[in-house]
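**Student:** Just model.tsv, nothing more (TSV, C-alpha atoms):
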chain	number	residue	atom	x	y	z
A	939	MET	CA	11.77	22.01	20.76
A	940	THR	CA	12.06	19.66	17.78
A	941	PRO	CA	8.84	17.75	17.12
A	942	THR	CA	8.90	13.97	16.90
A	943	ILE	CA	6.98	12.07	14.25
A	944	LEU	CA	6.32	8.35	14.61
A	945	SER	CA	5.70	6.52	11.34
A	946	VAL	CA	4.04	3.12	11.76
A	947	ASP	CA	3.90	1.05	8.57
A	948	ASP	CA	4.80	-2.55	7.81
A	949	SER	CA	6.37	-1.47	4.52
A	950	LYS	CA	9.96	-0.33	4.82
A	951	THR	CA	9.46	1.42	1.48
A	952	VAL	CA	6.78	3.66	2.98
A	953	ARG	CA	8.81	4.30	6.13
A	954	LEU	CA	11.78	5.37	3.99
A	955	VAL	CA	9.57	7.56	1.83
A	956	LEU	CA	8.30	9.31	4.98
A	957	ALA	CA	11.85	9.70	6.35
A	958	ARG	CA	12.88	11.25	3.03
A	959	LEU	CA	9.82	13.50	3.00
A	960	PHE	CA	10.45	14.96	6.46
A	961	SER	CA	14.27	15.04	6.26
A	962	PRO	CA	14.45	18.70	5.12
A	963	PHE	CA	12.59	19.75	8.29
A	964	ALA	CA	13.79	20.14	11.85
A	965	CYS	CA	12.05	17.10	13.31
A	966	GLU	CA	12.89	13.64	14.51
A	967	VAL	CA	11.30	10.75	12.63
A	968	CYS	CA	11.15	7.42	14.42
A	969	GLU	CA	9.48	4.30	13.08
A	970	ALA	CA	7.75	1.03	13.85
A	971	SER	CA	6.68	-1.82	11.57
A	972	ASN	CA	3.37	-2.75	13.22
A	973	GLY	CA	0.89	-1.51	15.82
A	974	GLU	CA	2.44	-3.42	18.70
A	975	GLU	CA	5.88	-1.97	18.03
A	976	GLY	CA	4.23	1.40	17.42
A	977	LEU	CA	2.68	1.45	20.90
A	978	ALA	CA	6.05	0.62	22.48
A	979	VAL	CA	7.87	3.36	20.54
A	980	ALA	CA	5.06	5.83	21.25
A	981	ALA	CA	5.28	5.13	24.99
A	982	GLN	CA	9.01	5.74	24.90
A	983	LYS	CA	9.19	8.74	22.53
A	984	LYS	CA	5.87	10.49	23.23
A	985	PRO	CA	5.60	11.65	19.59
A	986	ASP	CA	3.91	14.89	18.56
A	987	LEU	CA	2.37	13.18	15.54
A	988	ILE	CA	1.78	9.57	14.52
A	989	ILE	CA	1.42	8.64	10.86
A	990	LEU	CA	-0.32	5.30	11.02
A	991	ASP	CA	-0.93	2.69	8.34
A	992	HIS	CA	-4.22	0.83	8.39
A	993	ASN	CA	-3.39	-2.70	7.21
A	994	MET	CA	-0.46	-4.28	9.07
A	995	PRO	CA	0.40	-7.72	10.40
A	996	VAL	CA	0.72	-8.45	14.15
A	997	MET	CA	-1.43	-5.44	15.14
A	998	ASP	CA	-3.28	-3.32	12.58
A	999	GLY	CA	-3.65	0.43	12.69
A	1000	LEU	CA	-7.21	0.44	13.96
A	1001	THR	CA	-6.31	-1.74	16.96
A	1002	MET	CA	-3.30	0.43	17.74
A	1003	LEU	CA	-5.53	3.49	17.55
A	1004	HIS	CA	-8.00	1.98	20.04
A	1005	LYS	CA	-5.16	1.18	22.43
A	1006	LEU	CA	-3.64	4.65	22.05
A	1007	ARG	CA	-6.94	6.23	22.99
A	1008	GLU	CA	-7.13	4.04	26.11
A	1009	ASP	CA	-3.68	5.15	27.30
A	1010	PRO	CA	-3.91	8.28	29.48
A	1011	THR	CA	-0.43	9.45	28.45
A	1012	LEU	CA	-0.92	8.96	24.70
A	1013	LYS	CA	-4.63	9.43	24.13
A	1014	ARG	CA	-4.27	13.01	22.88
A	1015	THR	CA	-1.51	12.25	20.38
A	1016	PRO	CA	-2.57	13.49	16.93
A	1017	VAL	CA	-2.81	10.75	14.30
A	1018	ILE	CA	-2.90	10.88	10.51
A	1019	MET	CA	-4.14	7.58	9.16
A	1020	LEU	CA	-2.93	6.12	5.86
A	1021	THR	CA	-4.81	3.51	3.88
A	1022	ALA	CA	-4.47	1.80	0.52
A	1023	GLU	CA	-8.23	1.80	-0.04
A	1024	SER	CA	-10.33	4.90	-0.40
A	1025	GLY	CA	-13.92	4.95	0.73
A	1026	CYS	CA	-13.82	2.05	3.16
A	1027	GLU	CA	-16.23	2.12	6.09
A	1028	ASN	CA	-13.35	2.36	8.57
A	1029	ILE	CA	-13.19	6.10	7.84
A	1030	ALA	CA	-16.20	6.57	10.12
A	1031	THR	CA	-14.58	4.47	12.84
A	1032	VAL	CA	-11.28	6.36	12.79
A	1033	ALA	CA	-13.13	9.68	12.80
A	1034	ARG	CA	-14.86	8.61	16.02
A	1035	LEU	CA	-11.43	7.80	17.46
A	1036	GLY	CA	-10.28	11.35	16.87
A	1037	VAL	CA	-8.00	10.82	13.90
A	1038	ARG	CA	-6.96	14.26	12.70
A	1039	ASP	CA	-6.70	13.35	9.03
A	1040	TYR	CA	-6.97	10.47	6.62
A	1041	LEU	CA	-4.97	9.92	3.43
A	1042	THR	CA	-5.26	7.34	0.69
A	1043	LYS	CA	-1.96	5.87	-0.53
A	1044	PRO	CA	-0.24	6.72	-2.79
A	1045	PHE	CA	-0.43	10.29	-1.52
A	1046	ARG	CA	1.22	13.37	-2.95
A	1047	ASP	CA	4.14	14.62	-0.83
A	1048	GLU	CA	2.71	18.11	-0.52
A	1049	GLU	CA	-0.63	16.70	0.59
A	1050	LEU	CA	0.90	14.89	3.58
A	1051	LEU	CA	3.22	17.81	4.40
A	1052	ALA	CA	0.23	20.17	4.42
A	1053	LYS	CA	-1.70	17.90	6.77
A	1054	ALA	CA	1.31	17.34	9.06
A	1055	GLY	CA	2.11	21.07	9.01
A	1056	ARG	CA	-1.33	21.82	10.43
A	1057	ILE	CA	-0.46	19.69	13.47
A	1058	ILE	CA	3.25	20.30	14.10
A	1059	PRO	CA	5.61	23.12	13.07
A	1060	LEU	CA	7.61	22.11	9.99
A	1061	THR	CA	10.63	24.41	10.05
A	1062	PRO	CA	13.38	23.93	7.45
A	1063	ARG	CA	16.42	22.25	8.94
A	1064	THR	CA	19.40	24.60	9.24
A	1065	ASN	CA	22.74	23.11	8.25
A	1066	PRO	CA	25.47	23.43	10.92
B	728	MET	CA	-24.52	0.18	-3.43
B	729	SER	CA	-25.46	-3.44	-3.98
B	730	ALA	CA	-24.07	-5.74	-6.67
B	731	THR	CA	-25.74	-5.49	-10.06
B	732	GLY	CA	-25.39	-9.20	-10.76
B	733	ALA	CA	-23.04	-8.70	-13.71
B	734	SER	CA	-19.42	-9.59	-13.05
B	735	PRO	CA	-17.16	-6.56	-12.77
B	736	ASP	CA	-14.99	-5.91	-15.83
B	737	LEU	CA	-11.61	-6.75	-14.31
B	738	ASP	CA	-9.60	-5.74	-17.40
B	739	ARG	CA	-11.17	-2.29	-17.20
B	740	ILE	CA	-10.48	-2.06	-13.47
B	741	GLY	CA	-6.85	-3.07	-14.03
B	742	ARG	CA	-6.50	-0.53	-16.85
B	743	HIS	CA	-7.56	2.23	-14.46
B	744	ALA	CA	-5.68	1.04	-11.40
B	745	LEU	CA	-2.17	0.44	-12.69
B	746	PRO	CA	-1.52	3.74	-14.49
B	747	GLU	CA	-3.12	5.69	-11.61
B	748	VAL	CA	-0.95	4.04	-8.97
B	749	ILE	CA	2.35	4.08	-10.92
B	750	GLU	CA	1.88	7.71	-11.89
B	751	ALA	CA	0.91	8.81	-8.36
B	752	PHE	CA	3.50	6.70	-6.51
B	753	LEU	CA	6.46	7.01	-8.89
B	754	GLY	CA	5.59	9.77	-11.33
B	755	TRP	CA	6.16	7.43	-14.27
B	756	SER	CA	3.88	6.79	-17.19
B	757	VAL	CA	3.04	3.31	-18.40
B	758	THR	CA	2.03	1.85	-21.77
B	759	GLU	CA	-0.23	-1.13	-22.14
B	760	LEU	CA	1.24	-3.98	-24.19
B	761	PRO	CA	-0.68	-6.55	-26.22
B	762	PRO	CA	-1.75	-9.49	-24.08
B	763	THR	CA	0.59	-12.48	-24.10
B	764	PRO	CA	-0.37	-16.04	-23.23
B	765	VAL	CA	0.60	-17.27	-19.77
B	766	ASP	CA	3.59	-19.59	-20.05
B	767	LEU	CA	3.77	-21.67	-16.88
B	768	THR	CA	6.97	-23.35	-18.00
B	769	ARG	CA	8.78	-20.04	-18.39
B	770	ALA	CA	11.73	-19.65	-16.08
B	771	ALA	CA	10.94	-16.85	-13.69
B	772	GLU	CA	14.24	-16.63	-11.86
B	773	ASP	CA	14.40	-12.93	-12.44
B	774	ARG	CA	10.81	-12.08	-11.53
B	775	LEU	CA	9.05	-10.97	-8.37
B	776	LEU	CA	5.47	-12.03	-7.77
B	777	ALA	CA	3.41	-10.13	-5.21
B	778	VAL	CA	-0.11	-11.12	-4.20
B	779	VAL	CA	-2.82	-9.42	-2.13
B	780	GLN	CA	-5.96	-11.38	-1.33
B	781	LEU	CA	-9.42	-9.80	-1.51
B	782	GLN	CA	-12.13	-11.08	0.79
B	783	GLY	CA	-15.71	-9.83	0.94
B	784	PRO	CA	-19.20	-11.10	1.68
B	785	GLN	CA	-19.94	-11.77	-2.01
B	786	VAL	CA	-16.54	-12.27	-3.60
B	787	ALA	CA	-13.04	-13.48	-2.87
B	788	GLY	CA	-10.06	-13.08	-5.11
B	789	VAL	CA	-6.55	-11.85	-5.66
B	790	VAL	CA	-4.62	-8.97	-7.12
B	791	GLN	CA	-1.30	-10.22	-8.40
B	792	LEU	CA	1.61	-8.26	-9.86
B	793	GLU	CA	4.62	-9.74	-11.59
B	794	LEU	CA	7.64	-7.50	-12.10
B	795	PRO	CA	11.43	-7.67	-12.46
B	796	PRO	CA	13.56	-6.85	-9.38
B	797	THR	CA	15.50	-4.38	-11.54
B	798	PHE	CA	12.31	-2.34	-11.89
B	799	ALA	CA	11.94	-2.34	-8.11
B	800	ALA	CA	15.55	-1.18	-7.70
B	801	GLN	CA	15.04	1.65	-10.18
B	802	ALA	CA	11.82	2.66	-8.43
B	803	ALA	CA	13.60	2.66	-5.06
B	804	VAL	CA	16.11	5.20	-6.33
B	805	ARG	CA	13.21	7.24	-7.61
B	806	LEU	CA	11.45	7.12	-4.22
B	807	VAL	CA	14.26	7.69	-1.72
B	808	GLY	CA	17.41	8.32	-3.68
B	809	GLY	CA	16.92	12.03	-4.21
B	810	GLY	CA	18.62	15.01	-2.62
B	811	HIS	CA	17.19	14.31	0.85
B	812	ARG	CA	18.25	10.69	1.10
B	813	PRO	CA	17.45	9.37	4.57
B	814	PRO	CA	20.41	7.97	6.48
B	815	SER	CA	18.79	4.66	7.32
B	816	GLY	CA	18.77	1.86	4.80
B	817	HIS	CA	17.45	1.34	1.32
B	818	VAL	CA	14.27	0.02	-0.20
B	819	GLU	CA	14.21	-3.75	-0.65
B	820	ALA	CA	12.84	-5.07	-3.93
B	821	GLY	CA	10.42	-7.49	-2.26
B	822	ASP	CA	9.07	-4.90	0.12
B	823	PHE	CA	8.60	-2.43	-2.74
B	824	ALA	CA	6.76	-5.06	-4.81
B	825	GLY	CA	4.48	-5.85	-1.86
B	826	GLU	CA	3.67	-2.20	-1.23
B	827	LEU	CA	3.03	-1.49	-4.92
B	828	THR	CA	0.64	-4.46	-5.09
B	829	ASN	CA	-1.03	-3.30	-1.88
B	830	LEU	CA	-1.66	0.09	-3.49
B	831	LEU	CA	-3.02	-1.57	-6.63
B	832	ALA	CA	-5.28	-3.83	-4.56
B	833	GLY	CA	-6.54	-0.74	-2.73
B	834	ARG	CA	-7.58	0.85	-6.03
B	835	VAL	CA	-9.15	-2.39	-7.23
B	836	ALA	CA	-11.07	-2.79	-3.94
B	837	ALA	CA	-12.31	0.81	-4.14
B	838	ARG	CA	-13.71	0.19	-7.64
B	839	LEU	CA	-15.23	-3.13	-6.63
B	840	ARG	CA	-16.91	-1.40	-3.69
B	841	LEU	CA	-18.47	1.12	-6.10
B	842	GLU	CA	-19.83	-1.79	-8.14
B	843	GLY	CA	-21.40	-3.39	-5.08
B	844	TYR	CA	-18.66	-5.85	-4.12
B	845	PRO	CA	-17.02	-4.57	-0.93
B	846	CYS	CA	-13.94	-6.47	0.16
B	847	ALA	CA	-11.05	-6.21	2.58
B	848	LEU	CA	-7.37	-6.60	1.70
B	849	SER	CA	-4.87	-9.05	3.14
B	850	ASN	CA	-1.28	-8.09	3.81
B	851	PRO	CA	0.86	-8.63	0.68
B	852	GLU	CA	2.87	-11.80	0.12
B	853	VAL	CA	5.92	-11.73	-2.14
B	854	ALA	CA	8.02	-14.44	-3.78
B	855	LEU	CA	11.21	-14.02	-5.74
B	856	GLY	CA	12.54	-16.63	-8.15
B	857	GLY	CA	11.40	-19.56	-10.21
B	858	GLN	CA	8.07	-21.25	-10.53
B	859	SER	CA	8.46	-23.30	-7.35
B	860	ALA	CA	9.04	-20.15	-5.34
B	861	LEU	CA	5.98	-18.57	-6.92
B	862	GLU	CA	3.93	-21.63	-6.05
B	863	SER	CA	5.04	-21.29	-2.43
B	864	LEU	CA	2.67	-18.37	-2.13
B	865	GLN	CA	-0.72	-19.25	-0.77
B	866	ASP	CA	-2.59	-20.70	-3.75
B	867	PRO	CA	-5.02	-17.99	-4.76
B	868	ARG	CA	-6.74	-20.03	-7.46
B	869	PRO	CA	-10.50	-20.29	-7.00
B	870	THR	CA	-12.23	-23.55	-6.31
B	871	PRO	CA	-13.92	-25.15	-9.36
B	872	ALA	CA	-17.39	-24.99	-7.74
B	873	ARG	CA	-17.36	-21.23	-8.02
B	874	SER	CA	-17.59	-18.98	-11.05
B	875	THR	CA	-14.47	-17.02	-11.74
B	876	ALA	CA	-13.76	-13.74	-13.48
B	877	GLN	CA	-10.27	-12.81	-14.50
B	878	GLY	CA	-8.53	-9.73	-15.86
B	879	ARG	CA	-4.95	-9.71	-17.07
B	880	THR	CA	-3.12	-6.70	-18.45
B	881	VAL	CA	0.53	-6.34	-19.46
B	882	TRP	CA	2.40	-3.05	-19.21
B	883	SER	CA	5.67	-1.43	-20.08
B	884	CYS	CA	7.20	1.04	-17.65
B	885	GLN	CA	10.74	2.42	-17.87
B	886	GLY	CA	11.59	-0.42	-20.26
B	887	HIS	CA	10.36	-3.13	-17.86
B	888	ARG	CA	7.41	-5.48	-18.27
B	889	LEU	CA	4.77	-5.59	-15.52
B	890	THR	CA	1.85	-8.01	-15.50
B	891	LEU	CA	-1.25	-7.29	-13.44
B	892	GLU	CA	-3.74	-10.06	-12.86
B	893	ILE	CA	-7.02	-9.74	-10.97
B	894	ARG	CA	-9.15	-12.79	-10.22
B	895	LEU	CA	-12.54	-12.81	-8.58
B	896	ASP	CA	-14.34	-15.81	-7.34
B	897	HIS	CA	-18.14	-15.65	-6.92
B	898	PRO	CA	-19.92	-18.23	-4.81
B	899	PRO	CA	-22.40	-20.35	-6.81
B	900	THR	CA	-25.91	-18.87	-6.87
Starting from the coordinates I provided, produce the structure as C-alpha cells.

**Tutor:**
Amino acid sequence: MTPTILSVDDSKTVRLVLARLFSPFACEVCEASNGEEGLAVAAQKKPDLIILDHNMPVMDGLTMLHKLREDPTLKRTPVIMLTAESGCENIATVARLGVRDYLTKPFRDEELLAKAGRIIPLTPRTNP
Amino acid sequence: MSATGASPDLDRIGRHALPEVIEAFLGWSVTELPPTPVDLTRAAEDRLLAVVQLQGPQVAGVVQLELPPTFAAQAAVRLVGGGHRPPSGHVEAGDFAGELTNLLAGRVAARLRLEGYPCALSNPEVALGGQSALESLQDPRPTPARSTAQGRTVWSCQGHRLTLEIRLDHPPT
C-alpha cells in the first residue's frame, strides 16, 4: 500500500519543495498550511508520516502536536518536526511528545529523505 | 549561557547567516558588496521587503531582507522547477521571500542564543512595491528610550542585490 505523507507548513514554497522531493517515490503527499488544517487533513487521510513546521499562524506545530497526541486515532502517527531555529528549548518538548526526528531548515534533501525512509518505505515510482 | 553585556556584533552575525542559508537552501554562492547608504526616497516598486520580528526576555528586534522579485522567481525555478516538478502550483515571490527571511531569522536567533540573548521568531510579513507599501509592515523601529544595535550587509547573488538588516533593541539598564 502506498504510504501517505502529510506536510504541514505555512510556506507554500516549503510545501512545494517537499512535494518535489517525494515525487520520485511511490507515495501520496498531501498538505496543510497550519496546524488546524493539518489536524483536519490528518483525521481524513490518516497519514503514515507527518512533516510538521514549528512556527505557523492560526495553530503552530507544537499545539498541533499536542492535539495529535490526544487523539486516539492519530496519537501514534510518526512526526518529523521542522524548525528555522536550531538549538531552541522546544526540542526537549517535542522529544517528550514522541517526535521521531527534528530537522533545522534549510535541510539537505538527502537528510530528510533518510529520516523519512526510516519511518516509511520510499520505493521509486514506476512509470506506467 | 547568559548575556555578556556587550551588544552582539550584528554585521558579523549577518555575514555568517546569509551565505549559510542561501548556499544550503538554493546551492548558490553570494558575494558581499560594499555598504551603500540607505536612500529612503528611492523608488522601491520592484523590491520585496520581508520582515521577521525577534522577541526575547532581554532583546527585541527584526531581521529584514530586501530583494527583487526576479530573484525570487529565479530561486523558485531552482527549488521546484527541476526534473521532478510537482503538479500543483508554483512558488510565489512573496511566499519565497518570507520563507527565506524566516530561515535567516532562525540562523540569527540561534547565534543570539549562543551569545546569551534567546529570542523567539514571529511569522514573516512581506510587502511588495514602493515605500508606502513597505511602511505598511508593522513598524519594527525601536523606541528612542532603548539602545539599539544595527547590522546591515549588502550582497550579490546571481546578479541580484540583496540587503540584510538586523536590528536589536535593548531595554534601558

**Student:** For chain B, list the residues within 10 Å of chain A, counting only C-alpha atoms, and write the list as an mmCIF file with C-alpha atoms, keeping the file's coordinate frame.

**Tutor:**
data_model
loop_
_atom_site.group_PDB
_atom_site.id
_atom_site.type_symbol
_atom_site.label_atom_id
_atom_site.label_comp_id
_atom_site.auth_asym_id
_atom_site.auth_seq_id
_atom_site.Cartn_x
_atom_site.Cartn_y
_atom_site.Cartn_z
ATOM 1 C CA GLU B 747 -3.120 5.690 -11.610
ATOM 2 C CA VAL B 748 -0.950 4.040 -8.970
ATOM 3 C CA ILE B 749 2.350 4.080 -10.920
ATOM 4 C CA GLU B 750 1.880 7.710 -11.890
ATOM 5 C CA ALA B 751 0.910 8.810 -8.360
ATOM 6 C CA PHE B 752 3.500 6.700 -6.510
ATOM 7 C CA LEU B 753 6.460 7.010 -8.890
ATOM 8 C CA ALA B 803 13.600 2.660 -5.060
ATOM 9 C CA LEU B 806 11.450 7.120 -4.220
ATOM 10 C CA VAL B 807 14.260 7.690 -1.720
ATOM 11 C CA GLY B 808 17.410 8.320 -3.680
ATOM 12 C CA GLY B 809 16.920 12.030 -4.210
ATOM 13 C CA GLY B 810 18.620 15.010 -2.620
ATOM 14 C CA HIS B 811 17.190 14.310 0.850
ATOM 15 C CA ARG B 812 18.250 10.690 1.100
ATOM 16 C CA PRO B 813 17.450 9.370 4.570
ATOM 17 C CA PRO B 814 20.410 7.970 6.480
ATOM 18 C CA SER B 815 18.790 4.660 7.320
ATOM 19 C CA GLY B 816 18.770 1.860 4.800
ATOM 20 C CA HIS B 817 17.450 1.340 1.320
ATOM 21 C CA VAL B 818 14.270 0.020 -0.200
ATOM 22 C CA GLU B 819 14.210 -3.750 -0.650
ATOM 23 C CA ALA B 820 12.840 -5.070 -3.930
ATOM 24 C CA GLY B 821 10.420 -7.490 -2.260
ATOM 25 C CA ASP B 822 9.070 -4.900 0.120
ATOM 26 C CA PHE B 823 8.600 -2.430 -2.740
ATOM 27 C CA ALA B 824 6.760 -5.060 -4.810
ATOM 28 C CA GLY B 825 4.480 -5.850 -1.860
ATOM 29 C CA GLU B 826 3.670 -2.200 -1.230
ATOM 30 C CA LEU B 827 3.030 -1.490 -4.920
ATOM 31 C CA THR B 828 0.640 -4.460 -5.090
ATOM 32 C CA ASN B 829 -1.030 -3.300 -1.880
ATOM 33 C CA LEU B 830 -1.660 0.090 -3.490
ATOM 34 C CA LEU B 831 -3.020 -1.570 -6.630
ATOM 35 C CA ALA B 832 -5.280 -3.830 -4.560
ATOM 36 C CA GLY B 833 -6.540 -0.740 -2.730
ATOM 37 C CA ARG B 834 -7.580 0.850 -6.030
ATOM 38 C CA VAL B 835 -9.150 -2.390 -7.230
ATOM 39 C CA ALA B 836 -11.070 -2.790 -3.940
ATOM 40 C CA ALA B 837 -12.310 0.810 -4.140
ATOM 41 C CA ARG B 838 -13.710 0.190 -7.640
ATOM 42 C CA ARG B 840 -16.910 -1.400 -3.690
ATOM 43 C CA LEU B 841 -18.470 1.120 -6.100
ATOM 44 C CA PRO B 845 -17.020 -4.570 -0.930
ATOM 45 C CA CYS B 846 -13.940 -6.470 0.160
ATOM 46 C CA ALA B 847 -11.050 -6.210 2.580
ATOM 47 C CA LEU B 848 -7.370 -6.600 1.700
ATOM 48 C CA SER B 849 -4.870 -9.050 3.140
ATOM 49 C CA ASN B 850 -1.280 -8.090 3.810
ATOM 50 C CA PRO B 851 0.860 -8.630 0.680
#

**Student:** Do a neighbour search on region 971-987 of chain A at 10 Å with only C-alpha atoms, toss out local chain neighbours closer than 2 positions, and write the hits as a VMD selection string.

**Tutor:** chain A and resid 940 to 950 953 965 to 969 989 to 1003 1005 to 1006 1009 1011 to 1012 1014 to 1018 1038 1054 1057 to 1058

**Student:** Counting all atoms listed in the file, what is within 6 Å of region 785-801 of chain B, bar same-chain residues fewer than 4 positions away, as a JSON list (two decimals) with C-alpha atoms, in the coordinates of the input?

**Tutor:**
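Printed below is around_30.json as written:
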[["chain", "number", "residue", "atom", "x", "y", "z"],
["B", 774, "ARG", "CA", 10.81, -12.08, -11.53],
["B", 775, "LEU", "CA", 9.05, -10.97, -8.37],
["B", 776, "LEU", "CA", 5.47, -12.03, -7.77],
["B", 777, "ALA", "CA", 3.41, -10.13, -5.21],
["B", 778, "VAL", "CA", -0.11, -11.12, -4.20],
["B", 779, "VAL", "CA", -2.82, -9.42, -2.13],
["B", 780, "GLN", "CA", -5.96, -11.38, -1.33],
["B", 781, "LEU", "CA", -9.42, -9.80, -1.51],
["B", 820, "ALA", "CA", 12.84, -5.07, -3.93],
["B", 832, "ALA", "CA", -5.28, -3.83, -4.56],
["B", 889, "LEU", "CA", 4.77, -5.59, -15.52],
["B", 890, "THR", "CA", 1.85, -8.01, -15.50],
["B", 891, "LEU", "CA", -1.25, -7.29, -13.44],
["B", 892, "GLU", "CA", -3.74, -10.06, -12.86],
["B", 893, "ILE", "CA", -7.02, -9.74, -10.97],
["B", 894, "ARG", "CA", -9.15, -12.79, -10.22],
["B", 895, "LEU", "CA", -12.54, -12.81, -8.58],
["B", 896, "ASP", "CA", -14.34, -15.81, -7.34],
["B", 897, "HIS", "CA", -18.14, -15.65, -6.92]]

**Student:** Record the distance separating CA of Pro762 (chain B) and CA of Tyr844 (chain B), expressed in Å with one decimal.

**Tutor:**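 Computing the Euclidean distance for CA of Pro762 (chain B) and CA of Tyr844 (chain B) yields 26.4 Å.
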
**Student:** Would you mind reading off the distance between CA of Thr1031 (chain A) and CA of Arg1007 (chain A), one decimal, in Å?

**Tutor:** 12.8 Å

**Student:** Which value, in Å to one decimal, gives the distance between CA of Leu855 (chain B) and CA of Asp773 (chain B)?

**Tutor:**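 Separating CA of Leu855 (chain B) from CA of Asp773 (chain B) is a distance of 7.5 Å.
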